[in-house]
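First the structure, in the form of structure tokens, and then the observations on it.
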2 protein chains.
Amino acid sequence: MKKSIPLAVMMMLGGAASVYANDSVTTAIADAKQWAIQTGDYANTRYSTLDQINAGNVKDLRVAWTFSTGVLRGHEGSPLVIGDIMYVHTPFPNTVFALDLANEGKILWRYEPKQNPDVIAVMCCDTVYRGLAYADGKVFLHQADTTLVALDAKSGEVKWSVVNGDPTKGETNTATVLPVKDKLIVGISGGEFGVRGHVTAYNIADGALAWRAYSVGPDSEMLVDPETTTHLGKPIGADSSLNSWEGDQWKIGGGTTWGWYSYDPATNLIYYGTGNPSTWNPAQRPGDNRWTMTIMARDADTGMAKWFYQKTPFDEWDYDGVNENILTDQVIDGVSRKLLTNFDRNGLAYTLDRETGELLVAEKFDPTVNWTTGVDMDPASATYGRPAVVAKYSTAQNGEDVNTTGICPAALGTKDQQPAAYSPKTKLFYVPTNHVCMDYEPYRVTYTAGQPYVGATLAMYPAPDSHGGMGNFIAWDNIEGKIKWSLPEKFSVWSGALATAGDVVFYGTLEGHLKAVDATTGELLYRFKTPSGVIGNVMTYEHAGKQYIGILSGVGGWAGIGLAAGLTNPSDGLGAVGGYSALSDYTALGGQLTVFELPN
Amino acid sequence: MKKSIPLAVMMMLGGAASVYANDSVTTAIADAKQWAIQTGDYANTRYSTLDQINAGNVKDLRVAWTFSTGVLRGHEGSPLVIGDIMYVHTPFPNTVFALDLANEGKILWRYEPKQNPDVIAVMCCDTVYRGLAYADGKVFLHQADTTLVALDAKSGEVKWSVVNGDPTKGETNTATVLPVKDKLIVGISGGEFGVRGHVTAYNIADGALAWRAYSVGPDSEMLVDPETTTHLGKPIGADSSLNSWEGDQWKIGGGTTWGWYSYDPATNLIYYGTGNPSTWNPAQRPGDNRWTMTIMARDADTGMAKWFYQKTPFDEWDYDGVNENILTDQVIDGVSRKLLTNFDRNGLAYTLDRETGELLVAEKFDPTVNWTTGVDMDPASATYGRPAVVAKYSTAQNGEDVNTTGICPAALGTKDQQPAAYSPKTKLFYVPTNHVCMDYEPYRVTYTAGQPYVGATLAMYPAPDSHGGMGNFIAWDNIEGKIKWSLPEKFSVWSGALATAGDVVFYGTLEGHLKAVDATTGELLYRFKTPSGVIGNVMTYEHAGKQYIGILSGVGGWAGIGLAAGLTNPSDGLGAVGGYSALSDYTALGGQLTVFELPN
């Protein structure tokens, strides 16, 4: 029954601090038995080579064990597994549990941060937290109040902590951090409070600040080189951000960085997206609002930007650009390319060359997307790379205090934070989507630090030509730019997908199901009703020779904010309550881990 | 796939109010597919004739589905099942869910009472609620604030409501109600606030008060007849209660009625127990404090008392006498007797003739019980039926402000509310027990309405000669008065047992397990770690031809009050925190239903 201790665990238990923290992450990721960072791997594929559970036997899946976190509201993210220990996080107050997998999930330690509960009032869309990261014998917690804490993975002891933002100005955190080499890559939330976004690298060893790169503002604060930082192959030029804003609006201009981070060791680049410009009222911020809504590639050591691609210049719909960038090596026209695929809130799925930022594909991944006719793909065109906006659905053209109706997708996008997965076996992306449209009425707001700075009233509802549901789980071909199959769901699929070498793809539903489908055909192979709505991400690990599937339940997030926060007015929850009010017929608040296995 | 609709469901759906409400309960109980009242049956045996799940196949049990209640803290009691509907309750705020068993547990309706949260401050031992009852097409909710609500079982509509007590005086509710014929039998909590206990019958049809019987006080208010109401075969005589108190102490004298209720249709008697005298400081209430700590048999129609048996006269240890009375027909010395078996907090298990109140057996069901040498069983003796108190452990003899140490059991008893089960096949009782001792220091208190009126400081800890645990799950022979087998547990078994015709006995653990053991040998056949500590009671039902096992998780109750209320001082939680502090190594707060089945 005794198993050899994986290298990563020995390093952890040894307590010897390595300055090459990425070694520990790389080692842990390479061991498919573990789940060391939220994204599964640096490439954000959420693909596991484990194949004990496969398309043939997944129908026999059963619950192995369960764990209540003791916290209600939305549970995003997933547990981690390092060796014999599983690390489970909660939404605010962001409790961390270390569970002993060798002893029925006994609690080895728990860390309960003390946070000022006032931070809840400045979290736009539920008190979610997308989870911990592991590196170099430490577990990293980024609290709602932006306190970043390094915990000893074995004992739970606080090794260091540092504060990344100021909640009294609306700066909060919902995102995970990404450990890269000797640094932690850390974002910030608060786009609905006029927060000016930035990404910061802290030294893993001691928490010292290494570099910070703002999303908008002066070149020096953005860590760009006007000559070498490119946009669609051309230098961005001097003052590229300042030139795209009126006056000082950029100082409260958004572009927050609360999404997922990718890293490519070969190029030493990190990839992430920036959020919406503030406010949601476009009349208050004429211009392209650079570099909000942008995919950014930066050097991991220095933070210097290699390339940008702005997906939605001059946002008029709150189509935050923070979604994950999935890194794959695929053959196009007989040539192997290093690709980056991104499913944006705006309903377009992009395929880019991740070395150069060249735009290869930009296609709608929901046919109901109507705010744009598509992206100009002609490199010779003046509008190259820009989406063509349909006047009818332009909240800027319709003006302030006008209710623009029938915009698809809604502000929460065709896809929000819920991460997609990619299988190198099928070469398909598995994408949890929303199928929701909206009415959007912008209005003028005045900025007050720490107060909501939204500037639009929304109503969200199922897409009018709907199959009857508010979501789809789709398989996407990122070369052809086409949906291969689409599974209708009653509500948005707000849970992250997992693909495995067993040719199974897993995802959760807001009603509370874990579902397993055939990676090739999408055929439903297994479903189980977990205690509460699922907005967590499916993960897998192996322990004592057996593969397990883990998922957090706990309805909430933006889609579930009505249920999570007890809201009843349809326009509450930034417009989400209306469309999702029927959720209360299916589930109640929760906060539980469910772990699945095959029978012995 | 279509199944015939059981009679009880047709009555429910028909909406025709029957004045013979017990018919609906009797019909529902007789149908083993259903679980109509918390106790399973009127006799409180918690025995099911369902046998699909049996000692041979229970090892294959798996989780069928789960449901989060959206409420944390201690979940006592169990769901009900009537036809295709499962009714689930929560602790405060006492939400009620009706779940559609034919549609994956979809929420048909939910009832969310509005209660003043101040009531939590006057609940001694967590915000628990031991569940709903069904009769005559209605589901009965008895809220923490003592509001009794009749809900239409199909629609959740409020048919009537009535208030049974006054929380500003410390009167609260944790107990279920028992529907008997055209009445609901309803108790009251608040023994730690000087509440004078009573049982009240309300008309099922309209909530009108039918009768109320106090536990202590004048004969007229106690509904006793000095000549025909008996104690150990003799008339109790006039003013039997008033004679046993000094002055007006009886007016704040306790004897609350928050336990379980039994009913024998043959004798038309209801059976229940009365709680501790107030205060816990015996020096403040010399006398036998009748009729606290008493098993009571009353006519269901009129409330008139047939017989009493006082188990612990002049309580000095808070050995509340409210535990369930299990009604069985068994052969003793070749003669079939109508028996009542009671496992008291004081560590003694009693077997009585339930028609006459004759005491047949009184034996310790934990060998560490040390406050008494046993009960005088000689009918000719002046102390007939009384326990002999060991001076060393007499908190009254040691006096106020003296810490009496090493008393076994602790105040929460060898068994508290956690109900036992009985199998007519094995003729054994399956008893969840505590294995905990205490130090007890009484002190003088002044009564203020609505303020704690405890009068003793406690420390509770594992029994000194312990097997290492704080509980046992035992099989008891109520004729021999002997333990047949005993299974050690790390913590108190605070969950109610279920016995089935499949020769399996189920119970839960504070760490969170559901366990299944062989009814004859006690051999462990199956265990599963549910999301949170289990203090709920195991129930079973059949739906669409398949047997299911249901259990609520959610650590709390008196034993789990430290975890549930976030207490850390060892003497907090009326002394429970100290002994149970290690619970936090095993589980966190929860509130979930887990339903088990055999594989198809």
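Following the order of the structure tokens, first chain is A, next is B, and so on, with residues numbered from 1 inside each chain and ligands from 1 in the order they appear.
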
Chain B contacts on chain A, only C-alpha atoms, 7 Å, as a list in words: Arg62, Val63, Trp65, Thr66, Phe67, Ser68, Thr69, Gly70, Leu72, Lys106, Ile107, Leu108, Phe528, Lys529, Thr530, Pro531, Ser532, Asp585, Tyr586, Ala588, Leu589, Gly590 and Gln592 of chain A

All alpha helix (DSSP H) positions in segment 429-577 of chain B, as number ranges by chain: B: 561-565, 576-577

Go ahead and save the residues from that selection, with all heavy atoms, as a short mmCIF file (atom, residue, chain, number, x, y, z; two decimals), in the first residue's frame.
data_model
loop_
_atom_site.label_atom_id
_atom_site.label_comp_id
_atom_site.auth_asym_id
_atom_site.auth_seq_id
_atom_site.Cartn_x
_atom_site.Cartn_y
_atom_site.Cartn_z
N ILE B 561 -21.57 22.38 19.35
CA ILE B 561 -21.87 23.82 19.47
C ILE B 561 -20.61 24.67 19.31
O ILE B 561 -20.67 25.79 18.78
CB ILE B 561 -22.60 24.13 20.80
CG1 ILE B 561 -23.04 25.59 20.87
CG2 ILE B 561 -21.74 23.78 22.00
CD1 ILE B 561 -24.09 25.98 19.87
N GLY B 562 -19.47 24.14 19.74
CA GLY B 562 -18.23 24.91 19.62
C GLY B 562 -17.94 25.24 18.17
O GLY B 562 -17.71 26.39 17.79
N LEU B 563 -18.00 24.20 17.34
CA LEU B 563 -17.77 24.37 15.91
C LEU B 563 -18.89 25.21 15.29
O LEU B 563 -18.64 26.12 14.50
CB LEU B 563 -17.72 22.98 15.27
CG LEU B 563 -16.97 22.77 13.97
CD1 LEU B 563 -15.56 23.35 14.03
CD2 LEU B 563 -16.91 21.28 13.66
N ALA B 564 -20.14 24.89 15.65
CA ALA B 564 -21.28 25.54 15.00
C ALA B 564 -21.34 27.03 15.30
O ALA B 564 -21.67 27.84 14.44
CB ALA B 564 -22.59 24.86 15.42
N ALA B 565 -21.02 27.40 16.53
CA ALA B 565 -21.15 28.80 16.92
C ALA B 565 -19.81 29.51 16.97
O ALA B 565 -19.74 30.66 17.39
CB ALA B 565 -21.86 28.89 18.26
N ALA B 576 -19.41 22.13 26.61
CA ALA B 576 -19.20 21.14 25.56
C ALA B 576 -17.96 21.40 24.72
O ALA B 576 -17.40 20.49 24.13
CB ALA B 576 -20.42 21.07 24.65
N VAL B 577 -17.54 22.66 24.67
CA VAL B 577 -16.46 23.00 23.74
C VAL B 577 -15.19 22.22 24.04
O VAL B 577 -14.55 21.66 23.15
CB VAL B 577 -16.20 24.51 23.75
CG1 VAL B 577 -14.92 24.84 23.00
CG2 VAL B 577 -17.39 25.24 23.13
#

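Non-sequential neighbours of Asp206 of chain A (distance at most 10 Å, separation of 4 or more positions within a chain, only C-alpha atoms) are A:Ala150, A:Lys159, A:Trp160, A:Ser161, A:Val162, A:Lys183, A:Tyr202.
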
Let me see the file: selected residues, N, CA, C and O atoms, as a compact mmCIF listing (two decimals), in the first residue's frame.
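Result written to selection-v3.txt:
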# COMPACT_ATOMS: atom_id res chain seq x y z
N ALA A 150 1.46 33.84 1.66
CA ALA A 150 2.18 32.60 1.38
C ALA A 150 2.11 31.71 2.62
O ALA A 150 2.57 32.11 3.69
N LYS A 159 4.19 32.39 5.86
CA LYS A 159 5.60 32.67 5.59
C LYS A 159 5.80 34.16 5.33
O LYS A 159 6.77 34.74 5.76
N TRP A 160 4.90 34.75 4.58
CA TRP A 160 4.91 36.20 4.38
C TRP A 160 3.54 36.61 3.86
O TRP A 160 2.75 35.77 3.41
N SER A 161 3.24 37.90 3.95
CA SER A 161 2.03 38.41 3.31
C SER A 161 2.29 39.84 2.86
O SER A 161 3.16 40.53 3.41
N VAL A 162 1.57 40.25 1.85
CA VAL A 162 1.75 41.56 1.26
C VAL A 162 0.38 42.01 0.76
O VAL A 162 -0.48 41.18 0.44
N LYS A 183 8.69 34.22 -9.32
CA LYS A 183 7.71 35.27 -9.07
C LYS A 183 6.28 34.73 -9.07
O LYS A 183 5.99 33.68 -9.63
N TYR A 202 5.33 39.48 -7.66
CA TYR A 202 5.98 39.48 -6.34
C TYR A 202 6.96 38.32 -6.27
O TYR A 202 6.70 37.25 -6.84

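With only C-alpha atoms as the atoms that count, the residue of B:Glu400, B:Glu112, B:Asp23, B:Asp477 with the shortest distance to Tyr134 of chain B is B:Asp23.
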
For Glu192 of chain A: contacts at 10 Å, only C-alpha atoms, fewer than 5 positions along chain excluded, given as number ranges by chain: A: 122-125, 170-171, 253-254, 256, 276-280, 318, 450-455

Only all heavy atoms, please: the residues just picked out, written as a short mmCIF file (atom, residue, chain, number, x, y, z; two decimals), in the first residue's frame.
data_model
loop_
_atom_site.label_atom_id
_atom_site.label_comp_id
_atom_site.auth_asym_id
_atom_site.auth_seq_id
_atom_site.Cartn_x
_atom_site.Cartn_y
_atom_site.Cartn_z
N VAL A 122 -17.80 45.95 -1.90
CA VAL A 122 -17.14 46.42 -3.13
C VAL A 122 -16.75 45.27 -4.05
O VAL A 122 -15.83 45.40 -4.86
CB VAL A 122 -15.92 47.33 -2.81
CG1 VAL A 122 -16.39 48.68 -2.28
CG2 VAL A 122 -14.97 46.68 -1.82
N MET A 123 -17.45 44.12 -3.88
CA MET A 123 -17.26 43.03 -4.83
C MET A 123 -18.49 43.02 -5.74
O MET A 123 -19.60 42.82 -5.27
CB MET A 123 -17.10 41.70 -4.09
CG MET A 123 -15.91 41.71 -3.14
SD MET A 123 -15.59 40.10 -2.37
CE MET A 123 -14.71 39.25 -3.68
N CYS A 124 -18.25 43.20 -7.03
CA CYS A 124 -19.38 43.46 -7.93
C CYS A 124 -20.32 42.30 -8.05
O CYS A 124 -21.52 42.46 -8.13
CB CYS A 124 -18.90 43.83 -9.33
SG CYS A 124 -18.38 42.41 -10.33
N CYS A 125 -19.73 41.01 -8.06
CA CYS A 125 -20.48 39.90 -8.65
C CYS A 125 -20.29 38.64 -7.82
O CYS A 125 -19.77 37.64 -8.31
CB CYS A 125 -20.03 39.69 -10.08
SG CYS A 125 -19.97 41.24 -11.02
N GLY A 170 -12.21 50.26 -3.83
CA GLY A 170 -12.88 49.29 -4.68
C GLY A 170 -11.95 48.24 -5.26
O GLY A 170 -12.35 47.46 -6.11
N GLU A 171 -10.70 48.25 -4.81
CA GLU A 171 -9.75 47.25 -5.29
C GLU A 171 -9.93 45.97 -4.48
O GLU A 171 -9.77 45.97 -3.25
CB GLU A 171 -8.31 47.78 -5.18
CG GLU A 171 -8.06 48.95 -6.12
CD GLU A 171 -6.71 49.63 -5.93
OE1 GLU A 171 -6.04 49.34 -4.91
OE2 GLU A 171 -6.34 50.46 -6.77
N GLY A 253 -9.90 54.30 -15.26
CA GLY A 253 -10.31 53.75 -16.54
C GLY A 253 -10.46 52.25 -16.63
O GLY A 253 -10.71 51.72 -17.71
N GLY A 254 -10.33 51.53 -15.52
CA GLY A 254 -10.57 50.10 -15.59
C GLY A 254 -9.43 49.32 -16.21
O GLY A 254 -8.26 49.62 -15.97
N THR A 256 -9.10 46.08 -15.58
CA THR A 256 -8.64 45.23 -14.47
C THR A 256 -8.28 43.84 -14.99
O THR A 256 -8.54 43.51 -16.15
CB THR A 256 -9.68 45.18 -13.34
OG1 THR A 256 -10.94 44.82 -13.89
CG2 THR A 256 -9.80 46.56 -12.68
N ASN A 276 -12.93 45.58 -18.83
CA ASN A 276 -13.67 46.69 -19.45
C ASN A 276 -13.13 48.04 -19.01
O ASN A 276 -12.63 48.20 -17.90
CB ASN A 276 -15.14 46.60 -19.04
CG ASN A 276 -15.33 46.63 -17.54
OD1 ASN A 276 -14.99 45.69 -16.85
ND2 ASN A 276 -15.85 47.73 -17.02
N PRO A 277 -13.29 49.04 -19.88
CA PRO A 277 -13.01 50.41 -19.47
C PRO A 277 -14.11 50.90 -18.54
O PRO A 277 -15.27 50.48 -18.65
CB PRO A 277 -13.02 51.18 -20.79
CG PRO A 277 -13.90 50.38 -21.70
CD PRO A 277 -13.71 48.95 -21.29
N SER A 278 -13.74 51.80 -17.61
CA SER A 278 -14.75 52.39 -16.73
C SER A 278 -15.09 53.78 -17.24
O SER A 278 -14.21 54.51 -17.67
CB SER A 278 -14.19 52.53 -15.31
OG SER A 278 -13.95 51.25 -14.76
N THR A 279 -16.39 54.20 -17.18
CA THR A 279 -17.54 53.45 -16.70
C THR A 279 -18.13 52.61 -17.82
O THR A 279 -17.62 52.62 -18.94
CB THR A 279 -18.63 54.42 -16.22
OG1 THR A 279 -19.34 54.92 -17.35
CG2 THR A 279 -18.05 55.58 -15.44
N TRP A 280 -19.27 51.98 -17.52
CA TRP A 280 -20.01 51.26 -18.55
C TRP A 280 -20.70 52.24 -19.51
O TRP A 280 -21.25 51.82 -20.51
CB TRP A 280 -21.05 50.34 -17.92
CG TRP A 280 -20.50 49.14 -17.22
CD1 TRP A 280 -19.19 48.87 -16.94
CD2 TRP A 280 -21.24 48.03 -16.71
NE1 TRP A 280 -19.07 47.67 -16.29
CE2 TRP A 280 -20.32 47.13 -16.12
CE3 TRP A 280 -22.60 47.71 -16.66
CZ2 TRP A 280 -20.71 45.95 -15.52
CZ3 TRP A 280 -22.99 46.52 -16.06
CH2 TRP A 280 -22.05 45.65 -15.49
N ASP A 318 -19.76 46.25 -21.69
CA ASP A 318 -19.09 45.56 -20.58
C ASP A 318 -18.59 44.18 -20.99
O ASP A 318 -18.73 43.21 -20.24
CB ASP A 318 -20.00 45.45 -19.35
CG ASP A 318 -19.28 44.78 -18.19
OD1 ASP A 318 -18.09 45.08 -17.96
OD2 ASP A 318 -19.91 43.93 -17.51
N GLY A 450 -14.27 54.18 -4.08
CA GLY A 450 -14.88 53.15 -3.25
C GLY A 450 -16.37 52.99 -3.44
O GLY A 450 -17.00 52.14 -2.80
N GLN A 451 -16.96 53.82 -4.33
CA GLN A 451 -18.39 53.69 -4.62
C GLN A 451 -18.56 53.07 -6.01
O GLN A 451 -17.71 53.24 -6.88
CB GLN A 451 -19.07 55.07 -4.60
CG GLN A 451 -19.04 55.75 -3.25
CD GLN A 451 -19.76 54.95 -2.19
OE1 GLN A 451 -20.87 54.49 -2.40
NE2 GLN A 451 -19.11 54.75 -1.06
N PRO A 452 -19.68 52.36 -6.23
CA PRO A 452 -19.91 51.78 -7.56
C PRO A 452 -19.84 52.87 -8.64
O PRO A 452 -20.33 53.98 -8.45
CB PRO A 452 -21.31 51.18 -7.45
CG PRO A 452 -21.48 50.91 -6.00
CD PRO A 452 -20.74 52.02 -5.29
N TYR A 453 -19.21 52.52 -9.73
CA TYR A 453 -18.98 53.46 -10.84
C TYR A 453 -19.38 52.70 -12.10
O TYR A 453 -18.57 52.41 -12.97
CB TYR A 453 -17.50 53.85 -10.85
CG TYR A 453 -17.11 54.92 -11.84
CD1 TYR A 453 -17.70 56.19 -11.82
CD2 TYR A 453 -16.10 54.69 -12.78
CE1 TYR A 453 -17.31 57.17 -12.72
CE2 TYR A 453 -15.71 55.67 -13.66
CZ TYR A 453 -16.31 56.91 -13.64
OH TYR A 453 -15.93 57.87 -14.52
N VAL A 454 -20.67 52.37 -12.17
CA VAL A 454 -21.14 51.44 -13.20
C VAL A 454 -21.61 52.21 -14.43
O VAL A 454 -21.09 52.04 -15.53
CB VAL A 454 -22.24 50.51 -12.67
CG1 VAL A 454 -22.74 49.59 -13.78
CG2 VAL A 454 -21.70 49.67 -11.51
N GLY A 455 -22.63 53.06 -14.28
CA GLY A 455 -23.04 53.89 -15.40
C GLY A 455 -23.92 53.22 -16.44
O GLY A 455 -23.98 53.70 -17.58
#

Separation of atom CA of Phe596 of chain B from atom CA of Val96 of chain A in Å: 29.1 Å

Distance query Lys311 of chain B at most 9 Å, only C-alpha atoms, self and fewer than 2 positions along chain excluded, as a PyMOL selection string: chain B and resi 292-295+309+313+321+344+346+348+350+385-387

Contacts of Trp211 of chain A within 12 Å, only C-alpha atoms, excl. fewer than 6 positions in-chain, as a ChimeraX atom specification: /A:183-186,198-203,220-223,298-304

Give me a file of those residues, with N, CA, C and O atoms, as a compact mmCIF listing (two decimals), in the first residue's frame.
# COMPACT_ATOMS: atom_id res chain seq x y z
N LYS A 183 8.69 34.22 -9.32
CA LYS A 183 7.71 35.27 -9.07
C LYS A 183 6.28 34.73 -9.07
O LYS A 183 5.99 33.68 -9.63
N LEU A 184 5.41 35.54 -8.44
CA LEU A 184 3.97 35.29 -8.50
C LEU A 184 3.35 36.38 -9.35
O LEU A 184 3.57 37.57 -9.09
N ILE A 185 2.53 35.99 -10.32
CA ILE A 185 1.84 36.95 -11.17
C ILE A 185 0.45 37.17 -10.57
O ILE A 185 -0.31 36.22 -10.37
N VAL A 186 0.13 38.44 -10.29
CA VAL A 186 -1.03 38.76 -9.45
C VAL A 186 -1.85 39.87 -10.11
O VAL A 186 -1.29 40.91 -10.49
N HIS A 198 -3.91 46.57 -13.11
CA HIS A 198 -2.48 46.30 -13.24
C HIS A 198 -2.20 44.85 -12.93
O HIS A 198 -3.00 44.16 -12.29
N VAL A 199 -1.07 44.41 -13.43
CA VAL A 199 -0.54 43.10 -13.07
C VAL A 199 0.76 43.33 -12.33
O VAL A 199 1.57 44.18 -12.73
N THR A 200 0.92 42.55 -11.23
CA THR A 200 2.09 42.74 -10.39
C THR A 200 2.79 41.41 -10.19
O THR A 200 2.13 40.38 -10.04
N ALA A 201 4.11 41.46 -10.21
CA ALA A 201 4.91 40.27 -9.89
C ALA A 201 5.56 40.46 -8.53
O ALA A 201 6.20 41.49 -8.29
N TYR A 202 5.33 39.48 -7.66
CA TYR A 202 5.98 39.48 -6.34
C TYR A 202 6.96 38.32 -6.27
O TYR A 202 6.70 37.25 -6.84
N ASN A 203 8.05 38.55 -5.56
CA ASN A 203 9.01 37.46 -5.40
C ASN A 203 8.41 36.36 -4.51
O ASN A 203 7.92 36.65 -3.42
N SER A 220 5.61 54.36 -19.36
CA SER A 220 6.53 53.88 -18.32
C SER A 220 5.80 53.03 -17.28
O SER A 220 6.35 52.07 -16.75
N GLU A 221 4.55 53.35 -17.01
CA GLU A 221 3.79 52.58 -16.01
C GLU A 221 3.16 51.33 -16.61
O GLU A 221 2.73 50.45 -15.89
N MET A 222 3.08 51.31 -17.93
CA MET A 222 2.52 50.14 -18.60
C MET A 222 3.59 49.11 -18.94
O MET A 222 3.26 48.02 -19.42
N LEU A 223 4.85 49.47 -18.73
CA LEU A 223 5.96 48.59 -19.11
C LEU A 223 5.86 48.20 -20.59
O LEU A 223 5.78 47.01 -20.93
N ARG A 298 3.57 39.40 -22.03
CA ARG A 298 4.64 40.11 -21.33
C ARG A 298 5.76 39.16 -20.92
O ARG A 298 5.51 37.99 -20.61
N ASP A 299 6.95 39.68 -20.86
CA ASP A 299 8.08 38.92 -20.38
C ASP A 299 7.88 38.62 -18.89
O ASP A 299 7.59 39.53 -18.09
N ALA A 300 8.04 37.36 -18.52
CA ALA A 300 7.75 36.97 -17.14
C ALA A 300 8.74 37.57 -16.15
O ALA A 300 8.40 37.82 -14.99
N ASP A 301 9.97 37.80 -16.59
CA ASP A 301 10.99 38.30 -15.67
C ASP A 301 10.87 39.80 -15.43
O ASP A 301 11.06 40.28 -14.31
N THR A 302 10.58 40.54 -16.51
CA THR A 302 10.63 42.01 -16.43
C THR A 302 9.26 42.67 -16.51
O THR A 302 9.13 43.85 -16.17
N GLY A 303 8.26 41.93 -17.02
CA GLY A 303 6.95 42.54 -17.22
C GLY A 303 6.83 43.32 -18.52
O GLY A 303 5.74 43.79 -18.85
N MET A 304 7.93 43.49 -19.24
CA MET A 304 7.88 44.26 -20.48
C MET A 304 6.95 43.58 -21.48
O MET A 304 6.99 42.37 -21.67

Those of segment 320-557 of chain A in DSSP strand (DSSP E), formatted as number ranges by chain: A: 325-332, 335-343, 348-353, 359-364, 372-375, 387-389, 404-407, 421-423, 428-434, 436-442, 456-462, 471-477, 482-489, 498-500, 504-508, 513-518, 524-529, 539-543, 546-553

Pick from B:Trp494, B:Tyr129, B:Phe506, B:Trp35 nearest to Pro79 of chain B, counting only C-alpha atoms: B:Trp35

Interatomic distance (Å, one decimal) between atom CA of Ala421 of chain B and atom CA of Asn164 of chain B: 29.5 Å

Distance criterion (only C-alpha atoms): nearest to Ala516 of chain B out of B:Thr405, B:Asn472, B:Asn54, B:Ser262: B:Asn54

Report as a compact mmCIF listing (two decimals) with N, CA and C atoms, in the first residue's frame all protein, DNA and RNA residues lying within 10 Å of Gly40 of chain A, evaluated on only C-alpha atoms, omitting residues in the same chain fewer than 4 positions from it.
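Listing of out.txt after writing:
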# COMPACT_ATOMS: atom_id res chain seq x y z
N ALA A 28 5.46 19.51 -10.57
CA ALA A 28 4.14 19.12 -10.08
C ALA A 28 3.15 18.97 -11.24
N ILE A 29 3.21 19.88 -12.20
CA ILE A 29 2.32 19.80 -13.36
C ILE A 29 2.61 18.56 -14.18
N ALA A 30 3.89 18.25 -14.33
CA ALA A 30 4.27 17.10 -15.15
C ALA A 30 3.77 15.79 -14.55
N ALA A 32 0.86 13.94 -13.53
CA ALA A 32 -0.58 14.05 -13.75
C ALA A 32 -1.38 13.66 -12.52
N GLN A 34 -1.12 15.01 -9.76
CA GLN A 34 -1.31 16.21 -8.95
C GLN A 34 -2.10 17.27 -9.72
N TRP A 35 -2.53 18.28 -9.00
CA TRP A 35 -3.19 19.44 -9.61
C TRP A 35 -2.65 20.65 -8.84
N ALA A 36 -1.59 21.25 -9.40
CA ALA A 36 -0.77 22.18 -8.63
C ALA A 36 -1.20 23.63 -8.75
N ASN A 44 -3.02 26.41 -19.69
CA ASN A 44 -4.46 26.55 -19.45
C ASN A 44 -5.30 25.58 -20.28
N THR A 45 -4.74 24.42 -20.61
CA THR A 45 -5.54 23.47 -21.41
C THR A 45 -6.55 22.72 -20.55
N ARG A 46 -6.29 22.65 -19.25
CA ARG A 46 -7.16 21.85 -18.37
C ARG A 46 -7.37 20.44 -18.94
N TYR A 47 -6.26 19.90 -19.41
CA TYR A 47 -6.26 18.55 -19.96
C TYR A 47 -5.41 17.68 -19.05
N SER A 48 -5.92 16.50 -18.72
CA SER A 48 -5.17 15.56 -17.90
C SER A 48 -4.87 14.31 -18.70
N SER A 78 -11.11 25.48 -8.07
CA SER A 78 -11.08 24.05 -7.74
C SER A 78 -10.06 23.79 -6.65
N LEU A 80 -6.65 22.02 -5.10
CA LEU A 80 -5.35 21.56 -5.60
C LEU A 80 -5.03 20.22 -4.93
N ALA A 421 -11.58 23.97 -21.88
CA ALA A 421 -10.51 22.97 -21.88
C ALA A 421 -10.17 22.60 -23.32
N LEU A 498 -13.08 20.17 -17.92
CA LEU A 498 -11.88 19.33 -17.83
C LEU A 498 -11.92 18.33 -18.98
N MET A 539 -11.64 19.20 -11.71
CA MET A 539 -10.22 18.83 -11.69
C MET A 539 -10.12 17.33 -11.50
N THR A 540 -8.93 16.79 -11.74
CA THR A 540 -8.72 15.37 -11.54
C THR A 540 -7.36 15.14 -10.90
